[in-house]
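Visitor: As input, take start-v4.txt (compact mmCIF, C-alpha atoms (C1' of nucleotides)):
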# COMPACT_ATOMS: atom_id res chain seq x y z
CA MET A 3 128.35 62.23 47.75
CA PRO A 4 125.82 59.55 48.69
CA ALA A 5 125.88 56.21 46.95
CA GLU A 6 123.41 55.57 44.17
CA ALA A 7 120.51 53.59 45.56
CA SER A 8 120.25 51.79 42.23
CA ARG A 9 123.63 50.16 42.86
CA ILE A 10 122.30 48.19 45.80
CA ALA A 11 121.52 44.58 44.96
CA GLY A 12 118.54 42.66 46.30
CA GLU A 13 114.79 42.87 46.23
CA ILE A 14 112.00 42.82 48.79
CA ASP A 15 109.70 39.80 48.87
CA ARG A 16 106.40 40.90 50.28
CA LYS A 17 105.09 37.36 50.52
CA SER A 18 107.99 35.80 52.36
CA GLY A 19 106.56 36.38 55.81
CA THR A 20 109.81 38.01 56.86
CA PRO A 21 109.16 41.62 57.85
CA ILE A 22 110.14 44.02 55.10
CA TYR A 23 112.36 46.07 57.35
CA VAL A 24 114.30 42.92 58.28
CA GLN A 25 114.78 42.09 54.61
CA LEU A 26 115.98 45.60 53.87
CA ARG A 27 118.21 45.59 56.92
CA GLU A 28 120.00 42.49 55.64
CA ILE A 29 120.21 43.88 52.11
CA LEU A 30 121.84 46.99 53.52
CA ARG A 31 124.12 44.97 55.76
CA SER A 32 125.37 42.96 52.79
CA TYR A 33 125.81 46.07 50.71
CA ILE A 34 127.78 47.74 53.46
CA SER A 35 130.15 44.90 54.15
CA ALA A 36 130.66 44.17 50.46
CA SER A 37 130.88 47.61 48.96
CA CYS A 38 131.52 50.19 51.65
CA LYS A 39 134.45 51.53 53.57
CA PRO A 40 134.14 53.36 56.88
CA GLY A 41 132.90 56.86 56.30
CA ALA A 42 131.06 55.99 53.10
CA ALA A 43 127.62 57.51 52.75
CA LEU A 44 124.54 55.38 52.26
CA PRO A 45 121.81 56.48 49.89
CA SER A 46 119.37 58.82 51.55
CA GLU A 47 116.28 57.42 53.22
CA ARG A 48 114.11 58.91 50.49
CA ASP A 49 116.25 57.36 47.76
CA LEU A 50 115.99 53.98 49.45
CA SER A 51 112.22 54.40 49.78
CA GLU A 52 111.98 54.94 46.04
CA ARG A 53 114.51 52.26 45.11
CA PHE A 54 112.65 49.55 47.05
CA GLY A 55 109.14 50.94 46.84
CA LEU A 56 108.70 51.36 50.58
CA ALA A 57 107.44 54.03 52.93
CA ARG A 58 110.20 56.08 54.44
CA MET A 59 109.20 54.98 57.94
CA THR A 60 109.84 51.39 56.93
CA VAL A 61 113.25 52.29 55.56
CA ARG A 62 113.98 54.07 58.81
CA GLN A 63 113.08 50.97 60.76
CA ALA A 64 115.72 49.01 58.86
CA ILE A 65 118.28 51.76 59.35
CA ASP A 66 117.36 52.08 63.03
CA ALA A 67 118.42 48.50 63.59
CA LEU A 68 121.82 48.98 61.99
CA VAL A 69 122.33 52.20 63.91
CA GLY A 70 121.54 50.28 67.08
CA GLU A 71 124.20 47.76 66.15
CA GLU A 72 126.60 50.65 65.60
CA VAL A 73 127.19 49.53 62.03
CA ILE A 74 126.17 52.92 60.67
CA GLU A 75 125.43 56.31 62.12
CA ARG A 76 123.19 59.17 61.19
CA VAL A 77 124.20 62.80 60.89
CA VAL A 78 121.39 65.33 60.66
CA GLY A 79 121.45 67.39 57.54
CA LEU A 80 124.15 65.22 56.03
CA GLY A 81 123.21 61.60 55.72
CA THR A 82 123.89 58.11 57.01
CA PHE A 83 127.43 56.82 57.15
CA VAL A 84 129.30 53.58 57.63
CA ARG A 85 131.13 53.42 60.93
CA LYS A 86 134.53 51.99 61.61
CA PRO A 87 134.06 48.36 62.51
CA LYS A 88 135.59 47.62 65.89
CA LEU A 89 136.19 43.98 65.29
CA ASP A 90 139.62 43.54 66.67
CA LEU A 91 140.04 40.19 68.34
CA GLN A 92 140.70 41.78 71.67
CA VAL A 93 137.86 44.22 71.44
CA LYS A 94 135.61 41.37 70.42
CA LEU A 95 136.46 39.54 73.59
CA THR A 96 136.34 42.75 75.51
CA SER A 97 132.68 43.14 74.84
CA TYR A 98 131.93 39.53 75.57
CA SER A 99 130.72 39.82 79.10
CA GLU A 100 129.06 43.11 78.37
CA GLU A 101 127.18 41.54 75.54
CA MET A 102 125.99 38.73 77.75
CA GLN A 103 124.66 41.21 80.24
CA ARG A 104 123.06 43.42 77.66
CA ARG A 105 121.25 40.46 76.18
CA GLY A 106 119.72 39.82 79.55
CA MET A 107 121.60 36.55 79.91
CA VAL A 108 123.12 37.66 83.18
CA PRO A 109 120.39 38.53 85.60
CA ALA A 110 122.89 37.73 88.30
CA ALA A 111 126.19 39.38 89.09
CA LYS A 112 127.50 38.60 92.52
CA VAL A 113 129.43 41.43 94.10
CA LEU A 114 132.55 39.91 95.61
CA SER A 115 133.92 43.05 97.17
CA PHE A 116 133.28 46.73 97.21
CA GLU A 117 135.64 49.09 98.93
CA GLN A 118 137.75 52.17 98.82
CA ILE A 119 141.48 51.88 98.24
CA ALA A 120 144.41 54.10 97.39
CA ALA A 121 145.71 54.24 93.85
CA SER A 122 148.87 52.24 93.26
CA ALA A 123 151.61 53.68 91.09
CA PHE A 124 150.35 51.72 88.11
CA LEU A 125 146.74 52.78 88.49
CA ALA A 126 147.66 56.37 89.24
CA ARG A 127 149.67 56.60 86.06
CA GLU A 128 146.96 55.13 83.88
CA LEU A 129 144.21 57.22 85.42
CA GLN A 130 146.36 60.35 85.45
CA LEU A 131 146.02 60.78 89.18
CA GLU A 132 148.34 61.21 92.11
CA GLU A 133 149.50 58.01 93.73
CA GLY A 134 147.32 57.31 96.74
CA THR A 135 144.24 59.01 95.34
CA PRO A 136 141.11 57.30 96.67
CA LEU A 137 139.65 54.79 94.27
CA VAL A 138 136.55 52.70 94.51
CA ARG A 139 137.24 49.09 93.72
CA PHE A 140 134.64 46.48 93.22
CA ARG A 141 134.90 42.92 92.09
CA ARG A 142 132.06 41.04 90.53
CA LEU A 143 131.44 37.48 89.55
CA LEU A 144 129.45 37.49 86.35
CA LEU A 145 127.10 34.61 85.77
CA ALA A 146 125.61 33.45 82.51
CA ASP A 147 122.66 31.19 83.04
CA ASN A 148 123.80 30.54 86.57
CA GLU A 149 127.22 29.43 85.45
CA PRO A 150 130.31 31.43 86.43
CA MET A 151 131.40 33.40 83.44
CA SER A 152 134.13 35.75 84.47
CA VAL A 153 135.51 37.74 87.32
CA ASP A 154 135.55 41.44 86.82
CA GLU A 155 137.54 44.02 88.75
CA ASN A 156 136.94 47.69 88.36
CA PHE A 157 138.71 50.80 89.62
CA ILE A 158 137.01 54.16 89.52
CA PRO A 159 138.30 57.41 90.98
CA ALA A 160 136.21 58.01 94.10
CA HIS A 161 135.57 61.59 93.08
CA ARG A 162 133.60 60.33 90.11
CA VAL A 163 131.08 58.62 92.31
CA PRO A 164 130.50 61.11 95.12
CA GLY A 165 128.39 60.27 98.10
CA LEU A 166 128.85 56.59 97.75
CA LEU A 167 131.58 55.77 100.18
CA ASP A 168 131.72 58.98 102.14
CA ASP A 169 131.96 57.09 105.36
CA ALA A 170 135.47 56.65 104.06
CA PRO A 171 136.99 53.42 105.31
CA PRO A 172 140.76 53.41 105.88
CA LEU A 173 142.65 53.31 102.61
CA ARG A 174 144.56 50.22 101.73
CA TYR A 175 146.91 49.83 98.83
CA THR A 176 146.06 47.38 96.14
CA THR A 177 148.47 44.79 94.88
CA PHE A 178 147.72 45.83 91.30
CA MET B 16 94.46 43.74 83.69
CA PRO B 17 96.14 46.77 82.16
CA ALA B 18 96.33 49.99 84.12
CA GLU B 19 93.87 52.77 83.31
CA ALA B 20 95.54 55.28 81.03
CA SER B 21 93.57 58.03 82.75
CA ARG B 22 95.49 57.39 85.96
CA ILE B 23 98.74 58.54 84.42
CA ALA B 24 99.71 62.08 85.38
CA GLY B 25 101.28 64.59 83.02
CA GLU B 26 100.50 66.33 79.80
CA ILE B 27 102.22 66.84 76.47
CA ASP B 28 103.41 70.33 75.60
CA ARG B 29 103.49 70.60 71.85
CA LYS B 30 105.26 73.95 71.93
CA SER B 31 108.08 73.02 74.26
CA GLY B 32 110.46 72.03 71.52
CA THR B 33 111.12 68.74 73.27
CA PRO B 34 110.05 65.87 71.03
CA ILE B 35 106.69 64.50 72.04
CA TYR B 36 107.95 60.95 72.32
CA VAL B 37 110.63 62.12 74.74
CA GLN B 38 108.02 63.87 76.86
CA LEU B 39 105.82 60.79 76.88
CA ARG B 40 108.81 58.58 77.61
CA GLU B 41 109.57 60.59 80.74
CA ILE B 42 105.92 60.67 81.77
CA LEU B 43 105.83 56.90 81.50
CA ARG B 44 109.13 56.53 83.31
CA SER B 45 107.82 58.57 86.23
CA TYR B 46 104.57 56.66 86.27
CA ILE B 47 106.41 53.37 86.29
CA SER B 48 108.83 54.18 89.07
CA ALA B 49 106.13 55.83 91.19
CA SER B 50 103.17 53.55 90.69
CA CYS B 51 104.27 50.23 89.27
CA LYS B 52 105.70 47.01 90.55
CA PRO B 53 107.58 44.53 88.37
CA GLY B 54 105.13 42.62 86.24
CA ALA B 55 102.54 45.38 86.22
CA ALA B 56 100.90 46.02 82.88
CA LEU B 57 101.03 49.40 81.22
CA PRO B 58 97.99 50.77 79.40
CA SER B 59 97.82 49.55 75.84
CA GLU B 60 99.40 51.58 73.09
CA ARG B 61 95.98 52.48 71.76
CA ASP B 62 94.80 53.63 75.19
CA LEU B 63 97.89 55.80 75.55
CA SER B 64 97.31 57.24 72.08
CA GLU B 65 93.82 58.28 73.11
CA ARG B 66 94.79 59.49 76.58
CA PHE B 67 97.49 61.83 75.25
CA GLY B 68 96.00 62.57 71.84
CA LEU B 69 98.90 61.09 69.88
CA ALA B 70 99.33 58.78 66.95
CA ARG B 71 100.07 55.25 67.95
CA MET B 72 103.42 55.33 66.15
CA THR B 73 104.48 58.19 68.39
CA VAL B 74 103.46 56.27 71.48
CA ARG B 75 105.44 53.33 70.21
CA GLN B 76 108.50 55.52 69.82
CA ALA B 77 108.30 56.42 73.51
CA ILE B 78 107.78 52.81 74.49
CA ASP B 79 110.58 51.67 72.19
CA ALA B 80 113.02 53.78 74.16
CA LEU B 81 112.01 52.28 77.50
CA VAL B 82 112.12 48.79 76.04
CA GLY B 83 115.63 49.55 74.84
CA GLU B 84 116.54 50.56 78.37
CA GLU B 85 115.08 47.29 79.60
CA VAL B 86 112.68 49.17 81.85
CA ILE B 87 109.66 47.50 80.28
CA GLU B 88 109.06 44.66 77.86
CA ARG B 89 106.46 43.87 75.28
CA VAL B 90 104.57 40.61 74.93
CA VAL B 91 102.65 40.11 71.71
CA GLY B 92 98.97 39.61 72.20
CA LEU B 93 99.22 40.50 75.87
CA GLY B 94 100.61 43.93 76.51
CA THR B 95 103.56 45.85 77.86
CA PHE B 96 104.93 45.06 81.29
CA VAL B 97 107.28 46.50 83.88
CA ARG B 98 110.50 44.57 84.27
CA LYS B 99 112.35 43.85 87.46
CA PRO B 100 114.63 46.79 88.15
CA LYS B 101 118.26 45.93 88.77
CA LEU B 102 118.97 49.14 90.62
CA ASP B 103 120.96 48.30 93.73
CA LEU B 104 123.46 51.01 94.61
CA GLN B 105 126.36 48.76 93.80
CA VAL B 106 124.76 47.46 90.67
CA LYS B 107 124.07 51.03 89.71
CA LEU B 108 127.72 51.83 89.95
CA THR B 109 128.53 48.54 88.37
CA SER B 110 126.83 49.55 85.19
CA TYR B 111 128.43 52.97 85.16
CA SER B 112 131.21 52.29 82.75
CA GLU B 113 129.01 50.03 80.71
CA GLU B 114 126.47 52.77 80.42
CA MET B 115 129.06 55.24 79.29
CA GLN B 116 130.15 52.90 76.56
CA ARG B 117 126.65 52.08 75.45
CA ARG B 118 125.81 55.74 75.16
CA GLY B 119 128.68 56.11 72.77
CA MET B 120 130.62 58.27 75.19
CA VAL B 121 133.58 55.92 75.14
CA PRO B 122 134.78 55.45 71.63
CA ALA B 123 138.13 54.67 73.16
CA ALA B 124 139.17 51.87 75.48
CA LYS B 125 142.88 51.30 75.66
CA VAL B 126 143.90 47.72 76.18
CA LEU B 127 146.58 47.75 78.84
CA SER B 128 147.36 44.07 78.83
CA PHE B 129 146.04 40.87 77.40
CA GLU B 130 147.48 37.55 78.43
CA GLN B 131 146.92 34.07 79.67
CA ILE B 132 147.44 33.27 83.32
CA ALA B 133 146.72 30.48 85.77
CA ALA B 134 143.79 30.76 88.12
CA SER B 135 144.74 31.71 91.65
CA ALA B 136 143.01 30.00 94.55
CA PHE B 137 140.61 32.89 94.89
CA LEU B 138 139.67 33.01 91.24
CA ALA B 139 139.43 29.25 90.97
CA ARG B 140 136.99 29.13 93.84
CA GLU B 141 134.76 31.86 92.47
CA LEU B 142 134.77 30.50 88.95
CA GLN B 143 134.34 26.93 90.15
CA LEU B 144 137.52 25.75 88.48
CA GLU B 145 140.64 23.92 89.49
CA GLU B 146 143.44 26.09 90.71
CA GLY B 147 145.85 26.74 87.87
CA THR B 148 143.22 26.50 85.15
CA PRO B 149 144.17 28.78 82.26
CA LEU B 150 142.42 32.12 82.34
CA VAL B 151 142.51 34.98 79.93
CA ARG B 152 143.11 38.26 81.66
CA PHE B 153 142.82 41.61 80.07
CA ARG B 154 143.01 45.06 81.52
CA ARG B 155 141.50 48.06 79.91
CA LEU B 156 141.62 51.77 80.53
CA LEU B 157 138.18 53.18 79.81
CA LEU B 158 137.98 56.73 78.57
CA ALA B 159 135.04 59.06 78.63
CA ASP B 160 135.48 62.01 76.35
CA ASN B 161 139.20 61.37 76.29
CA GLU B 162 139.41 61.50 80.05
CA PRO B 163 140.46 58.41 82.01
CA MET B 164 137.38 56.96 83.58
CA SER B 165 138.25 53.67 85.13
CA VAL B 166 140.55 50.71 84.93
CA ASP B 167 138.88 47.43 84.27
CA GLU B 168 140.34 43.98 84.81
CA ASN B 169 138.64 40.89 83.56
CA PHE B 170 139.24 37.18 84.02
CA ILE B 171 137.61 34.67 81.72
CA PRO B 172 138.23 30.93 81.63
CA ALA B 173 140.32 30.31 78.53
CA HIS B 174 138.05 27.49 77.48
CA ARG B 175 135.24 29.98 76.99
CA VAL B 176 137.14 31.84 74.35
CA PRO B 177 138.73 29.06 72.26
CA GLY B 178 141.17 29.80 69.52
CA LEU B 179 142.18 33.11 70.93
CA LEU B 180 145.38 32.41 72.75
CA ASP B 181 146.17 28.97 71.42
CA ASP B 182 149.78 29.86 71.02
CA ALA B 183 149.60 29.46 74.75
CA PRO B 184 152.18 31.62 76.45
CA PRO B 185 153.68 30.28 79.67
CA LEU B 186 151.24 30.52 82.55
CA ARG B 187 151.94 32.94 85.30
CA TYR B 188 150.04 33.20 88.51
CA THR B 189 148.17 36.33 89.25
CA THR B 190 148.49 38.17 92.49
CA PHE B 191 144.74 38.33 92.79
C1' DC C 26 85.59 36.96 70.13
C1' DA C 27 87.84 41.54 71.34
C1' DG C 28 92.28 43.22 72.54
C1' DT C 29 97.28 43.24 72.09
C1' DG C 30 101.71 44.35 69.97
C1' DG C 31 104.11 44.03 65.05
C1' DT C 32 104.27 45.96 60.79
C1' DC C 33 103.36 49.15 56.97
C1' DT C 34 101.68 53.21 54.31
C1' DA C 35 101.78 57.99 52.26
C1' DG C 36 101.88 61.77 53.34
C1' DA C 37 103.56 66.19 56.41
C1' DC C 38 106.51 69.85 58.78
C1' DC C 39 110.83 70.80 61.25
C1' DA C 40 115.97 71.97 62.06
C1' DC C 41 119.95 71.26 60.15
C1' DT C 42 123.72 71.12 56.63
C1' DT C 43 126.02 72.33 52.36
C1' DG C 44 126.46 74.90 47.98
C1' DA D 24 117.76 76.68 47.85
C1' DA D 25 117.94 71.81 47.95
C1' DG D 26 118.79 67.81 50.46
C1' DT D 27 119.22 65.37 54.86
C1' DG D 28 117.66 63.03 59.01
C1' DG D 29 114.08 63.88 63.07
C1' DT D 30 109.52 63.84 64.17
C1' DC D 31 104.55 63.16 63.69
C1' DT D 32 99.95 61.84 61.82
C1' DA D 33 95.83 58.81 60.96
C1' DG D 34 94.87 55.39 59.25
C1' DA D 35 95.53 49.95 57.88
C1' DC D 36 96.16 44.73 58.13
C1' DC D 37 98.53 40.92 60.49
C1' DA D 38 99.48 37.12 64.11
C1' DC D 39 98.95 36.28 68.47
C1' DT D 40 96.82 35.84 73.26
C1' DG D 41 93.06 35.35 76.45
C1' DA D 42 88.23 34.34 77.80
Write out the structure in this file as structure tokens.

Guide:
Amino acid sequence: MPAEASRIAGEIDRKSGTPIYVQLREILRSYISASCKPGAALPSERDLSERFGLARMTVRQAIDALVGEEVIERVVGLGTFVRKPKLDLQVKLTSYSEEMQRRGMVPAAKVLSFEQIAASAFLARELQLEEGTPLVRFRRLLLADNEPMSVDENFIPAHRVPGLLDDAPPLRYTTF
Amino acid sequence: MPAEASRIAGEIDRKSGTPIYVQLREILRSYISASCKPGAALPSERDLSERFGLARMTVRQAIDALVGEEVIERVVGLGTFVRKPKLDLQVKLTSYSEEMQRRGMVPAAKVLSFEQIAASAFLARELQLEEGTPLVRFRRLLLADNEPMSVDENFIPAHRVPGLLDDAPPLRYTTF
DNA sequence: CAGTGGTCTAGACCACTTG
DNA sequence: AAGTGGTCTAGACCACTGA
């Protein structure tokens, strides 16, 4: 059962200069973090339109933003729901470099190496492959505003990226 | 000077079942990759509305998607412009796992390890640090639809992520 | 000044889900 | 059948940019 729109605190100030959908977005964000658990249903878009006196398209614009942030998700025919926050310390760091790149702060990523290797025992186990299976390894230096940010190493089963290194160089085992 | 909307090939099929904004998005994508250089201006939203016989909000929905993909960008008062593509083969692969995650295809990323180490000579050189500088290293197994996708290893100078591993464990040197 | 993207409205029809 | 999100329309006013 969806939440009652009337239970959401906050009002829209049409003279504030702040776009209405931004105001509503923050009202919803507060409501979610204060009163919602993962899986909880938000009021329907039409209920929110009525509650705040807005066009549904404007409500959708606010919701769009939160969906983009992966705070909530929409399910057709059902409603809009609060997602599980993935705010573990490690996961937070995990997305650090990705965030930087997504925000356009890393126009540069220097490729340090790019080659085909054979899966070590460790990698084979984790990737559920046979030891020695060809992997593509590439290392990158990620830059944020021209400053070295992190070094990134990535192993992908070669069969997932066909046609890329078909001039197969001799396999070497990795130390990892 | 903005491009002439009339020079854009393609038509909207209102019976196809495919959302109009998706059709227009792909028409624009083709036009951009075939006929545009970075910095080139797209026709204005109003011109596109007229050219394809659509409401401006619908045109904006198509453009929104391409802006979200960082293919184009909007500048208030000026227009919409083609961005520099970052589409090198390696970079293309580089963004593979990131793409998967962004598209929501990787709700799971298992953290294999997470620890503090000392920068090896190689890492110190690339990150412009002194050898032995504390780094945070974490390894992740990325899953796409529950299938192992790739193994990712990341090195970040510890000073960039303060307060995370302050109970500093003894430094060990990495093999890499 | 005319043109641009940014925002907003008040409707509409659709496919989809659940009772 | 009733409710949901998904899509679409045809307008509107705003702040901003350039000439």

Visitor: Determine the nearest neighbour of chain D from the options B:Val91, B:Ala55, B:Arg44, B:Glu85, counting all atoms listed in the file.

Guide: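 Of the candidates, the smallest distance to chain D is held by B:Val91.
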
Visitor: One number please: atom CA of Thr95 of chain B to atom CA of Arg58 of chain A, in Å, one decimal.

Guide: 26.4 Å

Visitor: Which polymer residues have any atom within 9 Å of an atom of DC41 of chain C, counting only C-alpha atoms (C1' of nucleotides), with same-chain residues fewer than 3 positions away left out, as a list in words?

Guide: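 So the residues in contact are Val78, Gly79 and Leu80 of chain A; DT27 and DG28 of chain D.
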
Visitor: Using all atoms listed in the file, find the residues of chain C whose closest atom to chain A is at most 12 Å away, then write them as number ranges by chain.

Guide: C: 31-36, 39-43

Visitor: One decimal, in Å: what's the spacing between atom CA of Asp167 of chain B and atom CA of Met151 of chain A?

Guide: 15.9 Å

Visitor: What does the distance from atom CA of Phe153 of chain B to atom CA of Ser122 of chain A come to in Å, to one decimal?

Guide: 18.0 Å

Visitor: Select residues of chain D: the criterion is any atom within 12 Å of an atom of chain A, counting only C-alpha atoms (C1' of nucleotides); output as a list in words.

Guide: DA25, DG26, DT27, DG28, DG29, DT30, DC31, DC37 and DA38 of chain D

Visitor: Only residues of chain A matter here; which ones have an atom within 7 Å of chain B, counting all atoms listed in the file? Give them as a PyMOL selection string.

Guide: chain A and resi 129+150-159

Visitor: Excluding segment 49-54 of chain B and any residue of its chain fewer than 6 positions from it, enumerate the residues within 8 Å of it, using only C-alpha atoms (C1' of nucleotides), and give them as an MDAnalysis selection string.

Guide: chainID B and resid 96:100

Visitor: Output C-alpha atoms of each residue in that selection to a file, as a PDB file, keeping the file's coordinate frame.

Guide:
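Output file part14.pdb is given in full below:
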ATOM      1  CA  PHE B  96     104.930  45.060  81.290  1.00  0.00           C
ATOM      2  CA  VAL B  97     107.280  46.500  83.880  1.00  0.00           C
ATOM      3  CA  ARG B  98     110.500  44.570  84.270  1.00  0.00           C
ATOM      4  CA  LYS B  99     112.350  43.850  87.460  1.00  0.00           C
ATOM      5  CA  PRO B 100     114.630  46.790  88.150  1.00  0.00           C
TER       6      PRO B 100
END

Visitor: Identify, on the basis of only C-alpha atoms (C1' of nucleotides), every residue whose closest approach to Ala20 of chain B does not exceed 12 Å; exclude the query and any residue fewer than 6 positions from it along the same chain; express the result as a VMD selection string.

Guide: chain B and resid 42 to 43 46 56 to 68

Visitor: I want to know what sits within 6 Å of Ala121 of chain A, based on all atoms listed in the file, with residues of the same chain fewer than 6 positions away left out; could you give that as a CSV table (one decimal) with C-alpha atoms, in the frame of the given file?

Guide:
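Listed below is the output, result02.csv:
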chain,number,residue,atom,x,y,z
A,133,GLU,CA,149.5,58.0,93.7
A,134,GLY,CA,147.3,57.3,96.7
A,135,THR,CA,144.2,59.0,95.3

Visitor: Quick one: residues within 12 Å of DA42 of chain D, all atoms listed in the file counted, chain neighbours fewer than 3 positions away excluded, as a list of chain:residue names?

Guide: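 Here the answer would be C:DC26, C:DA27, C:DG28.
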